[in-house]
Structure formats: C-alpha cells, structure tokens
Amino acid sequence: MWLLLLFCLLLGLFIGFQIPVLPMIFAKYLSIAILAALDSVFGGIRAYMEDGFDDVIFISGFVVNTLLAAGLAYLGDRLGVQLYLAAVVVFGVRIFQNLGIIRRYLLKKY
Amino acid sequence: MRSKGAQFTIAIVCLVLGIMLAIQFKATKSYSLGYSPDRVEELAQKLSQVTEERDTMANEVASLQEKLSNIRKNDQAMADLQQELQIYSMYGGLAPVQGAGIILTVNDIPGNSEPGENPNNRIVHDLELLLLINELKASGAEAISINDERLTMSEIRCAGTQILVNTNLIWPPFVISVIGNPEQLESGLNIPGGFLSTMKAIGYPTHIQKMEKIEIPPYTGRIKSSFMKPVEYTKKAE
C-alpha cells in the first residue's frame, strides 16, 4: 500500500511539473489548499489504519477542506485579516496529530 | 475493512496532492525564491509608486527643457542686441576700433620766423586741421582721431596757442589716424589743388603713412544730452 501511495505521489509530482506555472496571486491560496490536502491524506491514512475509512467522507473532506482553506485565505485577504494563519495552525496541528496516531499504529503493527 | 477501494481512493488523492505540490514548487521557484507573496505585493506597490514618480520627473524634465530652450532663445536675442550695441557704439565713437587706414602727420613749419613775418603763419591752426578732417571725411574715413582724441561730436577749436579737441589740449605734431580705404584716403588728400597740397606748398611738413592696422581709441569724455531726446518708436511702428 505504501509503495502505491508513494508511486501516485511521484506520478502526481511528475504531472504537476508539466503543467504551466500558475499566476503569483494563486500561489498563496494553493499553499493553503496543499496544507488542507495533506491533512486530508493523513486523516485518510489514519482512518484506514483504524478501519474506519469511508470513501465519501474522505473525498468530500479532501475537496471541501481544500476549497474552504483557499476560500478562507482569500476572504482573509479581502478583509485585511490574515485568516490563512488560522488555517495553517489548524491543519498543522491536525497533520501532526494524524502523523502521531499513524506512527503509533505502525509501531503496534510491527 | 482494509479494502482495495480505500487504498485506491487514497492513492488518487495522493496523485492530486502530488500535482498541487509540484505546481506550488514550481511557482515558488519561478517567483524568485525567498519572496513571500506579501513581499511581492509590497514590491509591486513600490514599483508602481516609483514608476509614477519617474513619470512625474520625466514631465519635469520636459518642462525644464522647454524653459531652457526659451532661455536660449532669450540669450540669442541678448546676443543680437549686444552685437547691435557694439555696432552703434563703434559708430558713435564709444568703442575702440581698428582697421586699415592711414596716419597723416602735420607739424608746424620748423625754424624761427624771419623778421617781419607773422609767427602765426608758421603754426598749424584749428582751421587747417578742420579742413584736413573734412577732406578725410569726404574720402571715406570711418573713424578719425587726432593725437588719440577720437572725433565724434568733437570740437576742434583754437584756445590761445593750443588746440582743443574733446576739451583736451593737443600739441603739434598732429597725428591724425584715419580708418578707411588707405588708397582712397591717400588719393583724396593728394588731390591736385586740395588742401594738403596747399599746406605742402606753404611749407608745413606733412607725412602720410598707409597702415595695415590702426587702432583708434574710444571717446572717453562725458556724454550728455540735455536737449536731445529719442523720438518715440512706437508711433513709427504702427
């Protein structure tokens, strides 16, 4: 499974490098979206480890979180509040939590 | 329920994540590393500000150049006026002049007067000088000085035993510097029956020297015009 994930990630990177560069304005929002996506992926892996994985929740979580994070950052910019910091903190914390849980499962497993 | 489906879903999401990551990597790399979007925005703002400033300065340069060209035009007008002024002060005898011409020297008849002879007949009088000057003027003299006294509105007048020119006393020998065509001046003076030949016949020592270059000093006396006023130009211009 891990090999499959790694392979898909590398394939995605390869495809991404073929795509033309995005305008600078979107770079900021894309970074937030990436954080959200990372969070979703780790959340999905964790759920997979806990045997509580649900396709619908995972996919919808991934899409909605990503869009919401980017949208929130955009809204923050319009309002003059650096809302993307909130997204960074929340997703950062959750990523580390998920990673910790995944690590414990892996330790238990092997 | 560790299904293949779950693995597949996560794999797909990983693929998308990979694409996003790659795009972001490329974006951060192409937009010069180390510059956050905030910094970029700030720089863009600064750029527009500086561009505006530059445009303002360019306008200023244009207006200054226009002013400069105007001043140059004024300078040209000034130069023209200066030139005109120089010409008129030359005509008026207020500027030193130089040019080709002749130097005419006349002196009293040397030696003592013989008994019974009027000593007055042996000296050069104002009248003689005046007549000579008149001859010279008729021969195309442009500037004349006697013993370095520039002739303008100058009087040549007897004052006792001396002669006054420009209210200054002059003594013989009388050196008359004349600027004009040297040949013409000389032939004008030497015309048969002319006044110089008469003087020569009487016995006055005279001498004509043609010169390539004569310098004549300006009139240095007081300039006064108590009665003379310029006629208004404006009416003429209408």
# chains A, B, ... in the order shown; residues from 1 in each chain; ligands from 1

call {"tool": "interface_residues", "arguments": {"of": "chain A", "to": "chain B", "cutoff": "6 Å", "atoms": "only C-alpha atoms", "output": "PyMOL selection string"}}
result
chain A and resi 5+8-9+12-13+16-17+21+51

call {"tool": "select_by_dssp", "arguments": {"residues": "segment 120-233 of chain B", "states": "helix (DSSP H, G or I)", "output": "PyMOL selection string"}}
result
chain B and resi 120-122+126-138+182-189+195-202+233

call {"tool": "residues_around", "arguments": {"residues": "Ala33 of chain A", "least_positions_apart": "2", "cutoff": "6 Å", "atoms": "only C-alpha atoms", "output": "compact mmCIF listing (two decimals) with N, CA and C atoms, in the first residue's frame"}}
result
# COMPACT_ATOMS: atom_id res chain seq x y z
N LEU A 30 -2.95 28.36 -3.07
CA LEU A 30 -2.61 26.98 -3.37
C LEU A 30 -1.82 26.37 -2.21
N SER A 31 -0.98 27.16 -1.57
CA SER A 31 -0.20 26.63 -0.45
C SER A 31 -1.13 26.21 0.70
N LEU A 35 -1.90 22.39 2.19
CA LEU A 35 -1.93 22.01 3.61
C LEU A 35 -3.19 21.20 3.92
N ALA A 36 -4.33 21.70 3.45
CA ALA A 36 -5.60 21.02 3.67
C ALA A 36 -5.58 19.62 3.07
N THR A 66 -9.98 21.55 1.17
CA THR A 66 -9.04 22.26 0.28
C THR A 66 -9.64 23.58 -0.19
N ALA A 69 -10.21 26.04 2.73
CA ALA A 69 -8.96 26.66 3.20
C ALA A 69 -8.54 27.79 2.27
N ALA A 70 -8.58 27.48 0.96
CA ALA A 70 -8.20 28.51 -0.01
C ALA A 70 -9.16 29.69 0.06

call {"tool": "atom_distance", "arguments": {"atom1": "atom CA of Ile176 of chain B", "atom2": "atom CA of Gly193 of chain B"}}
result
20.6 Å

call {"tool": "residues_around", "arguments": {"residues": "Ser177 of chain B", "least_positions_apart": "6", "cutoff": "9 Å", "atoms": "only C-alpha atoms", "output": "list in words"}}
result
Gly101, Ile102, Ile103, Leu104, Thr105, Ala143, Ile144, Ser145, Ile146, Asn147, Asp148, Ile214, Glu215 and Ile216 of chain B

call {"tool": "write_last_selection", "arguments": {"atoms": "N, CA and C atoms", "output": "mmCIF file, in the first residue's frame"}}
result
data_model
loop_
_atom_site.group_PDB
_atom_site.id
_atom_site.type_symbol
_atom_site.label_atom_id
_atom_site.label_comp_id
_atom_site.auth_asym_id
_atom_site.auth_seq_id
_atom_site.Cartn_x
_atom_site.Cartn_y
_atom_site.Cartn_z
ATOM 1 N N GLY B 101 44.096 101.795 -42.744
ATOM 2 C CA GLY B 101 43.893 103.236 -42.900
ATOM 3 C C GLY B 101 45.213 103.947 -43.096
ATOM 4 N N ILE B 102 45.187 105.216 -42.807
ATOM 5 C CA ILE B 102 46.426 105.990 -42.955
ATOM 6 C C ILE B 102 46.663 106.818 -41.704
ATOM 7 N N ILE B 103 47.920 107.159 -41.525
ATOM 8 C CA ILE B 103 48.274 108.093 -40.465
ATOM 9 C C ILE B 103 48.851 109.335 -41.138
ATOM 10 N N LEU B 104 48.173 110.445 -40.918
ATOM 11 C CA LEU B 104 48.611 111.721 -41.504
ATOM 12 C C LEU B 104 49.228 112.555 -40.384
ATOM 13 N N THR B 105 50.448 112.936 -40.597
ATOM 14 C CA THR B 105 51.126 113.745 -39.582
ATOM 15 C C THR B 105 51.411 115.146 -40.170
ATOM 16 N N ALA B 143 36.648 106.317 -39.161
ATOM 17 C CA ALA B 143 36.928 106.724 -37.783
ATOM 18 C C ALA B 143 38.184 107.574 -37.805
ATOM 19 N N ILE B 144 38.158 108.657 -37.062
ATOM 20 C CA ILE B 144 39.288 109.591 -37.081
ATOM 21 C C ILE B 144 39.658 109.953 -35.652
ATOM 22 N N SER B 145 40.954 110.036 -35.418
ATOM 23 C CA SER B 145 41.395 110.571 -34.125
ATOM 24 C C SER B 145 42.583 111.485 -34.373
ATOM 25 N N ILE B 146 42.672 112.535 -33.568
ATOM 26 C CA ILE B 146 43.826 113.425 -33.615
ATOM 27 C C ILE B 146 44.554 113.308 -32.284
ATOM 28 N N ASN B 147 45.804 112.940 -32.364
ATOM 29 C CA ASN B 147 46.595 112.732 -31.153
ATOM 30 C C ASN B 147 45.811 111.902 -30.117
ATOM 31 N N ASP B 148 45.226 110.807 -30.623
ATOM 32 C CA ASP B 148 44.478 109.866 -29.796
ATOM 33 C C ASP B 148 43.198 110.441 -29.214
ATOM 34 N N ILE B 214 45.361 100.025 -37.877
ATOM 35 C CA ILE B 214 45.444 101.183 -36.981
ATOM 36 C C ILE B 214 44.428 100.963 -35.868
ATOM 37 N N GLU B 215 44.836 101.319 -34.662
ATOM 38 C CA GLU B 215 43.873 101.251 -33.556
ATOM 39 C C GLU B 215 43.508 102.661 -33.161
ATOM 40 N N ILE B 216 42.198 102.883 -33.042
ATOM 41 C CA ILE B 216 41.729 104.207 -32.655
ATOM 42 C C ILE B 216 40.975 104.078 -31.339
#

call {"tool": "residues_around", "arguments": {"residues": "Asn168 of chain B", "least_positions_apart": "4", "cutoff": "9 Å", "atoms": "only C-alpha atoms", "output": "PyMOL selection string"}}
result
chain B and resi 149+163-164

call {"tool": "write_last_selection", "arguments": {"atoms": "N, CA and C atoms", "output": "short mmCIF file (atom, residue, chain, number, x, y, z; two decimals), in the first residue's frame"}}
result
data_model
loop_
_atom_site.label_atom_id
_atom_site.label_comp_id
_atom_site.auth_asym_id
_atom_site.auth_seq_id
_atom_site.Cartn_x
_atom_site.Cartn_y
_atom_site.Cartn_z
N GLU B 149 42.74 111.57 -29.76
CA GLU B 149 41.42 112.06 -29.36
C GLU B 149 40.43 111.67 -30.44
N ILE B 163 45.33 123.90 -29.29
CA ILE B 163 44.07 123.49 -29.92
C ILE B 163 43.35 122.54 -28.98
N LEU B 164 42.05 122.75 -28.86
CA LEU B 164 41.23 121.88 -28.02
C LEU B 164 40.47 120.89 -28.89
#

call {"tool": "residues_around", "arguments": {"residues": "segment 181-186 of chain B", "least_positions_apart": "6", "cutoff": "8 Å", "atoms": "only C-alpha atoms", "output": "tab-separated table (two decimals) with C-alpha atoms, in the first residue's frame"}}
result
chain	number	residue	atom	x	y	z
B	100	ALA	CA	43.35	99.54	-42.29
B	101	GLY	CA	43.89	103.24	-42.90
B	102	ILE	CA	46.43	105.99	-42.96
B	136	LEU	CA	39.42	112.86	-45.00
B	139	SER	CA	37.46	110.44	-48.88
B	140	GLY	CA	35.59	107.82	-46.93
B	141	ALA	CA	37.06	107.97	-43.45
B	208	ILE	CA	51.18	110.18	-44.99
B	210	LYS	CA	49.49	103.81	-45.13
B	211	MET	CA	48.86	101.20	-42.44

call {"tool": "closest_residue", "arguments": {"among": "B:Ala77, B:Val50, B:Ile223, B:Val124", "to": "Tyr204 of chain B", "atoms": "only C-alpha atoms"}}
result
B:Val124

call {"tool": "atom_distance", "arguments": {"atom1": "atom CA of Ser48 of chain B", "atom2": "atom CA of Leu83 of chain A"}}
result
26.9 Å

call {"tool": "closest_residue", "arguments": {"among": "B:Leu169, B:Leu127, B:Gly180, B:Arg150", "to": "Phe195 of chain B", "atoms": "only C-alpha atoms"}}
result
B:Leu127
